[in-house]
>>> print(open('entry-v4.csv').read())   # CSV, C-alpha atoms and all ligand atoms
chain,number,residue,atom,x,y,z
A,113,MET,CA,1.5,-12.9,15.4
A,114,THR,CA,0.6,-10.9,12.3
A,115,GLY,CA,3.5,-11.4,9.9
A,116,ASP,CA,7.1,-12.2,9.2
A,117,PRO,CA,9.8,-10.6,11.4
A,118,ILE,CA,10.8,-7.2,10.1
A,119,LEU,CA,13.0,-6.2,13.0
A,120,GLU,CA,15.0,-8.7,15.1
A,121,VAL,CA,17.0,-7.7,18.1
A,122,ARG,CA,19.3,-10.2,19.7
A,123,ASP,CA,21.2,-9.8,22.9
A,124,LEU,CA,21.7,-6.0,22.5
A,125,CYS,CA,23.8,-4.3,25.1
A,126,VAL,CA,24.3,-0.6,25.5
A,127,ASP,CA,26.7,1.2,27.8
A,128,TYR,CA,27.0,4.9,28.7
A,129,GLY,CA,30.7,5.6,28.8
A,130,LEU,CA,33.5,3.0,28.5
A,131,GLY,CA,35.9,1.2,30.8
A,132,ALA,CA,35.7,1.7,34.5
A,133,ASP,CA,33.3,4.7,34.2
A,134,GLY,CA,30.9,2.8,31.9
A,135,VAL,CA,27.4,2.1,33.0
A,136,ARG,CA,25.4,-0.7,31.4
A,137,ALA,CA,22.0,0.8,30.4
A,138,VAL,CA,20.6,-2.1,28.3
A,139,THR,CA,21.6,-5.7,28.9
A,140,ASP,CA,21.0,-8.6,26.5
A,141,ALA,CA,17.8,-7.2,25.1
A,142,SER,CA,16.1,-9.5,22.5
A,143,MET,CA,12.8,-9.0,20.8
A,144,VAL,CA,11.1,-9.4,17.4
A,145,LEU,CA,8.8,-7.0,15.6
A,146,ARG,CA,6.6,-8.5,12.9
A,147,ARG,CA,5.1,-6.9,9.9
A,148,GLY,CA,1.9,-4.9,10.7
A,149,GLU,CA,2.4,-5.5,14.4
A,150,VAL,CA,2.6,-3.1,17.4
A,151,LEU,CA,5.4,-4.1,19.8
A,152,GLY,CA,5.1,-2.2,23.1
A,153,LEU,CA,8.1,-1.4,25.3
A,154,ALA,CA,7.0,-0.6,28.8
A,155,GLY,CA,8.7,0.2,32.0
A,156,GLU,CA,9.3,3.0,34.6
A,157,SER,CA,11.4,6.0,33.7
A,158,GLY,CA,15.1,5.1,33.4
A,159,SER,CA,14.4,1.4,32.6
A,160,GLY,CA,16.3,1.7,29.3
A,161,LYS,CA,13.4,1.6,26.8
A,162,SER,CA,14.3,4.8,25.0
A,163,THR,CA,18.0,3.9,25.0
A,164,LEU,CA,17.1,0.5,23.5
A,165,ALA,CA,15.0,2.2,20.7
A,166,TYR,CA,17.8,4.7,19.9
A,167,ALA,CA,20.3,1.9,19.8
A,168,ILE,CA,18.2,-0.1,17.4
A,169,THR,CA,18.0,2.9,15.0
A,170,ARG,CA,21.6,3.9,15.5
A,171,LEU,CA,20.5,7.3,16.8
A,172,LEU,CA,22.2,6.8,20.1
A,173,ARG,CA,24.4,9.8,21.0
A,174,ALA,CA,27.7,9.7,22.9
A,175,PRO,CA,28.4,8.7,25.6
A,176,GLY,CA,26.0,5.9,24.6
A,177,VAL,CA,27.8,3.0,23.0
A,178,ILE,CA,26.4,-0.3,21.6
A,179,THR,CA,28.6,-3.0,23.1
A,180,GLY,CA,27.1,-6.1,21.8
A,181,GLY,CA,24.2,-7.8,20.0
A,182,ASP,CA,22.6,-7.9,16.5
A,183,VAL,CA,19.8,-5.9,15.0
A,184,ARG,CA,18.5,-7.2,11.7
A,185,PHE,CA,16.0,-5.2,9.6
A,186,THR,CA,14.3,-7.2,6.8
A,187,GLY,CA,12.4,-4.7,4.7
A,188,ARG,CA,10.6,-4.8,1.3
A,189,ASP,CA,13.8,-4.7,-0.7
A,190,VAL,CA,16.6,-4.8,1.8
A,191,SER,CA,17.9,-7.0,4.6
A,192,LEU,CA,20.5,-5.4,6.7
A,193,ASP,CA,22.4,-5.8,10.0
A,194,LEU,CA,21.7,-2.3,11.3
A,195,LEU,CA,24.6,-2.4,13.8
A,196,ALA,CA,27.1,-3.2,11.0
A,197,ALA,CA,25.6,-0.8,8.4
A,198,GLY,CA,27.8,2.1,7.2
A,199,PRO,CA,26.5,5.7,6.9
A,200,ALA,CA,25.3,5.2,3.3
A,201,GLU,CA,23.3,2.1,4.1
A,202,LEU,CA,21.8,3.8,7.2
A,203,ARG,CA,20.8,6.8,5.2
A,204,ARG,CA,19.0,4.5,2.8
A,205,VAL,CA,17.0,2.9,5.5
A,206,ARG,CA,16.4,5.7,7.9
A,207,TRP,CA,13.2,7.7,7.4
A,208,SER,CA,12.3,5.8,4.2
A,209,GLN,CA,12.0,2.4,5.9
A,210,ILE,CA,12.4,3.1,9.6
A,211,SER,CA,11.3,6.4,11.1
A,212,VAL,CA,11.0,7.8,14.5
A,213,VAL,CA,8.4,10.0,16.3
A,214,PHE,CA,10.1,11.7,19.1
A,215,GLN,CA,8.7,12.5,22.5
A,216,SER,CA,8.4,16.2,22.6
A,217,ALA,CA,7.1,17.7,19.3
A,218,MET,CA,7.9,21.2,20.6
A,219,HIS,CA,11.5,20.3,20.8
A,220,ALA,CA,11.7,18.0,17.8
A,221,LEU,CA,10.2,20.5,15.4
A,222,ASN,CA,12.3,23.4,14.2
A,223,PRO,CA,10.7,26.5,15.8
A,224,VAL,CA,11.8,28.9,13.0
A,225,ALA,CA,10.8,26.8,10.0
A,226,ARG,CA,7.2,26.6,8.6
A,227,ILE,CA,5.4,23.3,8.6
A,228,ASP,CA,5.6,22.8,4.9
A,229,ALA,CA,9.3,23.3,4.8
A,230,GLN,CA,9.7,20.7,7.6
A,231,LEU,CA,7.4,18.2,5.9
A,232,THR,CA,9.1,18.4,2.6
A,233,ASP,CA,12.7,18.4,3.9
A,234,ALA,CA,12.9,14.6,3.8
A,235,LEU,CA,11.4,14.6,0.3
A,236,ARG,CA,14.1,17.0,-0.9
A,237,ALA,CA,16.8,14.7,0.5
A,238,HIS,CA,15.4,11.3,-0.4
A,239,ARG,CA,13.1,11.9,-3.4
A,240,ARG,CA,15.1,14.3,-5.6
A,241,GLU,CA,13.1,13.5,-8.6
A,242,MET,CA,10.0,15.2,-7.1
A,243,THR,CA,9.1,18.7,-8.2
A,244,ALA,CA,8.3,21.5,-5.7
A,245,GLU,CA,4.6,21.2,-6.5
A,246,GLN,CA,4.7,17.4,-6.0
A,247,ARG,CA,6.3,17.9,-2.7
A,248,ARG,CA,3.7,20.4,-1.7
A,249,GLN,CA,0.9,18.1,-2.7
A,250,ARG,CA,2.5,15.3,-0.6
A,251,ALA,CA,2.7,17.6,2.4
A,252,ILE,CA,-1.0,18.4,2.0
A,253,GLU,CA,-1.8,14.8,1.7
A,254,LEU,CA,0.1,14.0,4.8
A,255,LEU,CA,-1.5,16.7,6.8
A,256,ASP,CA,-4.9,15.5,5.7
A,257,LEU,CA,-3.8,11.9,6.7
A,258,VAL,CA,-3.3,13.1,10.3
A,259,GLY,CA,-6.4,15.4,10.4
A,260,ILE,CA,-4.8,18.8,9.9
A,261,SER,CA,-6.2,21.2,7.3
A,262,GLU,CA,-4.2,22.5,4.4
A,263,ASP,CA,-4.3,26.1,5.6
A,264,ARG,CA,-1.8,25.1,8.4
A,265,LEU,CA,0.9,24.4,5.8
A,266,ARG,CA,2.4,27.9,6.2
A,267,SER,CA,2.2,27.9,10.0
A,268,TYR,CA,5.1,27.9,12.4
A,269,PRO,CA,5.1,25.2,15.2
A,270,HIS,CA,4.3,27.8,17.9
A,271,GLU,CA,1.0,28.6,16.1
A,272,LEU,CA,-0.2,25.0,16.5
A,273,SER,CA,-1.7,23.3,19.6
A,274,GLY,CA,0.3,20.5,21.3
A,275,GLY,CA,-1.9,17.9,19.6
A,276,MET,CA,-1.4,19.4,16.2
A,277,ARG,CA,2.3,19.6,16.6
A,278,GLN,CA,2.4,15.9,17.6
A,279,ARG,CA,0.2,15.1,14.5
A,280,VAL,CA,2.8,17.0,12.4
A,281,MET,CA,5.5,14.8,13.9
A,282,ILE,CA,3.6,11.7,12.9
A,283,ALA,CA,3.0,13.1,9.4
A,284,MET,CA,6.8,13.7,9.1
A,285,ALA,CA,7.5,10.1,10.2
A,286,LEU,CA,5.2,8.8,7.4
A,287,VAL,CA,6.4,11.1,4.7
A,288,LEU,CA,8.5,8.4,2.9
A,289,ASP,CA,6.0,5.5,3.6
A,290,PRO,CA,8.2,3.6,6.1
A,291,GLU,CA,7.8,0.0,7.1
A,292,VAL,CA,8.6,0.5,10.8
A,293,VAL,CA,7.8,3.6,12.9
A,294,ILE,CA,9.3,3.9,16.3
A,295,MET,CA,7.3,6.0,18.7
A,296,ASP,CA,8.9,7.3,21.9
A,297,GLU,CA,6.1,8.3,24.3
A,298,PRO,CA,4.5,10.2,21.3
A,299,THR,CA,1.5,11.4,23.3
A,300,THR,CA,2.8,11.7,26.8
A,301,ALA,CA,2.6,15.5,27.0
A,302,LEU,CA,-1.0,15.7,25.7
A,303,ASP,CA,-4.2,15.7,27.6
A,304,VAL,CA,-6.0,12.3,27.7
A,305,VAL,CA,-8.7,13.3,25.2
A,306,THR,CA,-6.2,14.5,22.6
A,307,GLN,CA,-4.0,11.5,23.4
A,308,ARG,CA,-6.9,9.1,22.8
A,309,GLU,CA,-7.9,10.8,19.5
A,310,ILE,CA,-4.3,10.7,18.1
A,311,LEU,CA,-3.8,7.1,19.1
A,312,ASN,CA,-7.0,6.0,17.5
A,313,GLU,CA,-6.1,7.7,14.3
A,314,LEU,CA,-2.6,6.2,14.5
A,315,MET,CA,-3.9,2.7,14.7
A,316,LEU,CA,-6.2,3.4,11.7
A,317,LEU,CA,-3.2,4.7,9.7
A,318,LYS,CA,-1.2,1.6,10.7
A,319,ASP,CA,-3.9,-0.7,9.4
A,320,ARG,CA,-4.3,1.4,6.2
A,321,LEU,CA,-0.7,1.9,5.4
A,322,GLY,CA,0.6,-1.4,6.8
A,323,PHE,CA,3.6,-0.2,8.8
A,324,ALA,CA,4.7,-1.9,12.0
A,325,VAL,CA,5.2,0.1,15.3
A,326,VAL,CA,7.6,0.0,18.2
A,327,PHE,CA,5.6,2.0,20.8
A,328,ILE,CA,7.5,3.1,23.9
A,329,THR,CA,5.7,4.2,27.0
A,330,HIS,CA,5.7,4.1,30.8
A,331,ASP,CA,1.9,3.6,30.6
A,332,LEU,CA,1.3,-0.2,30.4
A,333,SER,CA,-2.5,0.3,30.4
A,334,LEU,CA,-2.2,2.0,27.1
A,335,LEU,CA,-0.1,-0.8,25.6
A,336,ILE,CA,-2.6,-3.4,26.7
A,337,GLU,CA,-5.1,-1.8,24.3
A,338,LEU,CA,-2.7,-0.9,21.5
A,339,ALA,CA,0.0,-3.6,21.3
A,340,ASP,CA,0.1,-7.1,19.9
A,341,THR,CA,3.2,-8.0,21.9
A,342,ILE,CA,4.7,-6.3,24.9
A,343,ALA,CA,8.2,-6.3,26.4
A,344,ILE,CA,8.5,-5.2,30.0
A,345,MET,CA,11.8,-3.5,30.9
A,346,TYR,CA,13.4,-2.9,34.3
A,347,ALA,CA,16.9,-1.6,35.1
A,348,GLY,CA,18.0,-2.2,31.5
A,349,ARG,CA,16.7,-5.7,31.0
A,350,ILE,CA,13.6,-7.2,29.4
A,351,LEU,CA,11.9,-9.1,32.3
A,352,GLU,CA,8.8,-10.4,30.5
A,353,HIS,CA,7.9,-10.6,26.8
A,354,GLY,CA,4.9,-12.0,25.1
A,355,PRO,CA,1.5,-11.4,23.5
A,356,ALA,CA,-0.3,-8.4,25.1
A,357,ARG,CA,-3.5,-10.4,25.8
A,358,GLU,CA,-1.7,-13.2,27.7
A,359,LEU,CA,0.4,-10.7,29.6
A,360,PHE,CA,-2.7,-8.9,30.8
A,361,ARG,CA,-4.7,-11.9,31.6
A,362,GLY,CA,-2.0,-13.8,33.4
A,363,PRO,CA,1.3,-11.9,34.1
A,364,ARG,CA,4.2,-14.3,34.9
A,365,HIS,CA,6.7,-11.9,36.3
A,366,PRO,CA,6.2,-10.1,39.6
A,367,TYR,CA,7.2,-6.7,38.1
A,368,THR,CA,4.6,-7.1,35.3
A,369,LEU,CA,2.0,-8.0,38.0
A,370,GLY,CA,3.0,-4.9,40.0
A,371,LEU,CA,2.6,-2.6,37.0
A,372,LEU,CA,-0.8,-4.1,36.2
A,373,ASN,CA,-1.9,-3.6,39.8
A,374,SER,CA,-0.9,0.1,39.5
A,375,PHE,CA,-3.8,1.2,37.4
A,376,PRO,CA,-7.5,0.7,37.6
A,377,ALA,CA,-9.1,-2.1,35.6
A,378,LEU,CA,-10.7,-1.2,32.3
A,379,HIS,CA,-12.5,-4.6,32.0
A,380,GLY,CA,-13.2,-7.5,34.3
A,381,GLU,CA,-12.5,-8.0,38.0
A,382,ARG,CA,-9.1,-6.3,38.5
A,383,VAL,CA,-10.1,-3.7,41.1
A,384,ARG,CA,-7.4,-3.4,43.8
A,385,MET,CA,-4.7,-0.9,43.0
A,386,GLU,CA,-1.5,-1.6,44.9
A,387,GLY,CA,1.4,-0.1,43.1
A,388,ILE,CA,5.0,-1.2,43.6
A,389,PRO,CA,6.8,-0.2,46.8
A,390,GLY,CA,10.2,1.6,46.4
A,391,ALA,CA,11.8,3.0,43.3
A,392,PRO,CA,13.8,1.6,40.4
A,393,PRO,CA,17.5,1.3,41.2
A,394,SER,CA,20.2,3.6,39.8
A,395,LEU,CA,22.1,1.9,37.0
A,396,THR,CA,25.3,2.9,38.7
A,397,ALA,CA,24.4,0.9,41.8
A,398,LEU,CA,22.3,-2.1,40.8
A,399,PRO,CA,21.4,-4.6,43.5
A,400,THR,CA,23.1,-8.0,43.3
A,401,GLY,CA,21.2,-10.9,41.8
A,402,CYS,CA,17.8,-10.0,40.3
A,403,SER,CA,17.7,-6.2,40.2
A,404,PHE,CA,14.0,-6.2,41.1
A,405,HIS,CA,14.6,-8.2,44.4
A,406,PRO,CA,14.4,-5.2,46.8
A,407,ARG,CA,10.9,-4.5,45.6
A,408,CYS,CA,9.7,-8.0,44.9
A,409,PRO,CA,7.2,-9.6,47.4
A,410,TYR,CA,8.2,-13.1,46.2
A,411,ALA,CA,12.0,-12.8,46.3
A,412,LEU,CA,13.8,-16.1,47.2
A,413,ASP,CA,17.2,-16.4,48.7
A,414,ARG,CA,18.7,-17.1,45.3
A,415,CYS,CA,17.3,-13.9,43.9
A,416,HIS,CA,19.7,-11.9,46.0
A,417,GLU,CA,22.7,-13.7,44.4
A,418,GLU,CA,22.1,-14.6,40.8
A,419,PHE,CA,20.3,-12.9,38.0
A,420,PRO,CA,17.7,-15.3,36.5
A,421,PRO,CA,18.1,-16.2,32.8
A,422,THR,CA,15.3,-15.2,30.3
A,423,ALA,CA,13.5,-18.5,29.5
A,424,ALA,CA,10.4,-19.8,27.8
A,425,LEU,CA,7.7,-20.6,30.3
A,426,ALA,CA,6.9,-24.3,30.9
A,427,GLY,CA,3.6,-25.3,29.3
A,428,ASP,CA,3.1,-21.9,27.6
A,429,SER,CA,2.1,-22.1,24.0
A,430,ALA,CA,2.0,-18.4,23.4
A,431,GLY,CA,5.8,-18.0,23.2
A,432,ARG,CA,6.1,-16.0,26.4
A,433,LEU,CA,9.5,-15.4,28.0
A,434,ALA,CA,10.3,-14.3,31.6
A,435,ALA,CA,13.4,-13.7,33.7
A,436,CYS,CA,12.4,-14.9,37.1
A,437,TRP,CA,13.6,-17.7,39.4
A,438,LEU,CA,10.1,-18.5,40.4
A,439,HIS,CA,9.8,-20.3,37.0
A,440,ALA,CA,12.8,-22.5,37.7
A,441,ASP,CA,12.2,-26.2,38.4
A,442,GLY,CA,10.6,-27.1,41.7
A,443,ASN,CA,9.1,-23.7,42.6
A,444,ASP,CA,5.4,-23.3,43.1
A,445,LEU,CA,4.2,-20.1,41.4
A,446,PRO,CA,2.3,-17.7,43.8
A,447,ALA,CA,-1.4,-17.7,42.8
A,448,PRO,CA,-1.4,-14.2,41.2
A,449,LEU,CA,1.3,-15.3,38.9
A,450,ALA,CA,-0.4,-18.6,38.0
A,451,ARG,CA,-3.7,-17.3,36.5
A,452,PRO,CA,-4.9,-19.1,33.5
A,453,THR,CA,-4.8,-17.1,30.2
A,454,GLY,CA,-6.4,-17.4,26.8
A,455,SER,CA,-9.8,-15.6,27.4
A,456,ALA,CA,-10.6,-12.5,25.4
A,457,LEU,CA,-9.9,-9.2,26.9
A,501,LIG,FE1,11.3,-11.6,42.3
A,501,LIG,FE2,13.2,-13.4,42.4
A,501,LIG,FE3,11.6,-13.3,40.3
A,501,LIG,FE4,13.4,-11.3,40.7
A,501,LIG,S1,13.8,-13.5,40.3
A,501,LIG,S2,11.3,-11.1,40.2
A,501,LIG,S3,13.3,-11.2,43.0
A,501,LIG,S4,11.0,-13.8,42.4
>>> encode(input="entry-v4.csv", output="structure tokens")
Amino acid sequence: MTGDPILEVRDLCVDYGLGADGVRAVTDASMVLRRGEVLGLAGESGSGKSTLAYAITRLLRAPGVITGGDVRFTGRDVSLDLLAAGPAELRRVRWSQISVVFQSAMHALNPVARIDAQLTDALRAHRREMTAEQRRQRAIELLDLVGISEDRLRSYPHELSGGMRQRVMIAMALVLDPEVVIMDEPTTALDVVTQREILNELMLLKDRLGFAVVFITHDLSLLIELADTIAIMYAGRILEHGPARELFRGPRHPYTLGLLNSFPALHGERVRMEGIPGAPPSLTALPTGCSFHPRCPYALDRCHEEFPPTAALAGDSAGRLAACWLHADGNDLPAPLARPTGSAL
């Protein structure tokens, strides 16, 4: 753990629609982001990770509705319940203290505005004391920060490559020196070489500027390298949460184990790729009991009836949590879920 909590999410619930037509998209999600840390949110498409992130930042659009929970942001000079905050308080925090890098730069950037106008937009709104020349200099500085030369300042988005557009998005997120940056699959649409370059630069910027990151991806292998802690989501719930290293060395939830067995090993002996049979359930027709039970090779009778509570793991000093009946008293853990942890990656 690298610092004090900066973002604390407790029992957050999000529905799409209300009443009989409502569908629960996120159920009782709890997690803590610490200063300077990267918290990874992983899971298959439709698991609720983006919904969770948009709910945290109050960027969720109708018919999305937050139906329960707390989100506390404790910044340099403000401590705020984000779910109770009014428009003025949210405006103070957004972008200047919590910013977001969206998934598709091509869609997030305004196609008819030049890069300099888009970069200086937030400065015009939040730093009214700055002159036009100061804003221009800040835009140049930001482009330089993300490895783009000054002569791109007057370009339109379509004149840039996909990697450059995503870099511009990152520069825009950093324009007001935020303390938390939420990144929703920021490099998914890019080729692996560009993706790797951008992520390496991003981690250097994080260390240099000191912001914390919530990094959302379906690619757990990426998070193993980037994140300090990881939360694994499935069907709207966090099923396992803990330090990235421990989670990689010894997953304690069958779904995490399945995800880890779905990609080739980067280090060590993990060689057999197995994948996870079946597909994630529709949120409108969740299985009874543990929503992972139709795909789980270790399902018990009880798993078909009751959803397991999220609980600390017995004998675990790393603070890991898992929601699985296998960890209830009296059950022997299957060998793949009982591996010792603690060795270096
Ligand atoms: Fe599998 Fe049961 Fe654990 Fe769910 S609660 S992951 S079905 S063993």
>>> closest_residue(input="entry-v4.csv", among="A:Gly115, A:Gly198, A:Gly431, A:Pro448", to="Ala356 in chain A", atoms="all atoms listed in the file")
A:Gly431
>>> residues_near_ligand(input="entry-v4.csv", ligand="ligand LIG 501 (chain A)", cutoff="10 Å", atoms="all atoms listed in the file", output="JSON, numbers by chain")
{"A": [351, 364, 365, 366, 367, 368, 401, 402, 403, 404, 405, 406, 407, 408, 409, 410, 411, 412, 413, 414, 415, 416, 417, 418, 419, 420, 421, 434, 435, 436, 437, 438, 439, 440, 445, 446]}
>>> closest_residue(input="entry-v4.csv", among="A:Thr232, A:Ser394, A:Ser374, A:Ser208", to="Tyr346 in chain A", atoms="all atoms listed in the file")
A:Ser394
>>> residues_near_point(input="entry-v4.csv", point="(11.6, 4.6, 17.0)", cutoff="7 Å", atoms="only C-alpha atoms", output="list in words")
Ala165, Tyr166, Thr169, Ser211, Val212, Val213, Val293, Ile294, Met295, Asp296 and Val326 of chain A
>>> atom_distance(input="entry-v4.csv", atom1="CA of Ala283 in chain A", atom2="CA of Glu253 in chain A")
9.2 Å
>>> closest_residue(input="entry-v4.csv", among="A:Ile252, A:Ala196, A:Ala339, A:Leu164", to="Arg146 in chain A", atoms="all atoms listed in the file")
A:Ala339
>>> residues_around(input="entry-v4.csv", residues="range 301-313 of chain A", least_positions_apart="5", cutoff="10 Å", atoms="all atoms listed in the file", output="MDAnalysis selection string")
chainID A and resid 215:217 257:259 273:276 278:279 282 318:319 334 338
>>> write_last_selection(input="entry-v4.csv", atoms="C-alpha atoms", output="mmCIF file, in the frame of the given file")
data_model
loop_
_atom_site.group_PDB
_atom_site.id
_atom_site.type_symbol
_atom_site.label_atom_id
_atom_site.label_comp_id
_atom_site.auth_asym_id
_atom_site.auth_seq_id
_atom_site.Cartn_x
_atom_site.Cartn_y
_atom_site.Cartn_z
ATOM 1 C CA GLN A 215 8.700 12.500 22.500
ATOM 2 C CA SER A 216 8.400 16.200 22.600
ATOM 3 C CA ALA A 217 7.100 17.700 19.300
ATOM 4 C CA LEU A 257 -3.800 11.900 6.700
ATOM 5 C CA VAL A 258 -3.300 13.100 10.300
ATOM 6 C CA GLY A 259 -6.400 15.400 10.400
ATOM 7 C CA SER A 273 -1.700 23.300 19.600
ATOM 8 C CA GLY A 274 0.300 20.500 21.300
ATOM 9 C CA GLY A 275 -1.900 17.900 19.600
ATOM 10 C CA MET A 276 -1.400 19.400 16.200
ATOM 11 C CA GLN A 278 2.400 15.900 17.600
ATOM 12 C CA ARG A 279 0.200 15.100 14.500
ATOM 13 C CA ILE A 282 3.600 11.700 12.900
ATOM 14 C CA LYS A 318 -1.200 1.600 10.700
ATOM 15 C CA ASP A 319 -3.900 -0.700 9.400
ATOM 16 C CA LEU A 334 -2.200 2.000 27.100
ATOM 17 C CA LEU A 338 -2.700 -0.900 21.500
#
>>> closest_atom_pairs(input="entry-v4.csv", of="range 287-404 of chain A", to="range 117-133 of chain A", cutoff="9 Å", atoms="all atoms listed in the file", output="tab-separated table")
residue	atom	partner	partner_atom	distance
A:Glu291	CA	A:Ile118	CA	8.4
A:Val292	CA	A:Ile118	CA	8.0
A:Ala324	CA	A:Ile118	CA	8.3
A:Gly348	CA	A:Val126	CA	8.8
>>> residues_around(input="entry-v4.csv", residues="Gly155 in chain A", least_positions_apart="2", cutoff="6 Å", atoms="only C-alpha atoms", output="list in words")
Ser159, His330, Ile344 and Met345 of chain A
>>> closest_residue(input="entry-v4.csv", among="A:Arg136, A:Ser191, A:Thr329, A:Pro199", to="Pro175 in chain A", atoms="all atoms listed in the file")
A:Arg136
>>> atom_distance(input="entry-v4.csv", atom1="CA of His270 in chain A", atom2="CA of Asp233 in chain A")
18.8 Å
>>> atom_distance(input="entry-v4.csv", atom1="CA of Arg203 in chain A", atom2="CA of Asp182 in chain A")
18.6 Å
>>> closest_residue(input="entry-v4.csv", among="A:Ala237, A:Ala251, A:Val135, A:Met143", to="Arg184 in chain A", atoms="all atoms listed in the file")
A:Met143
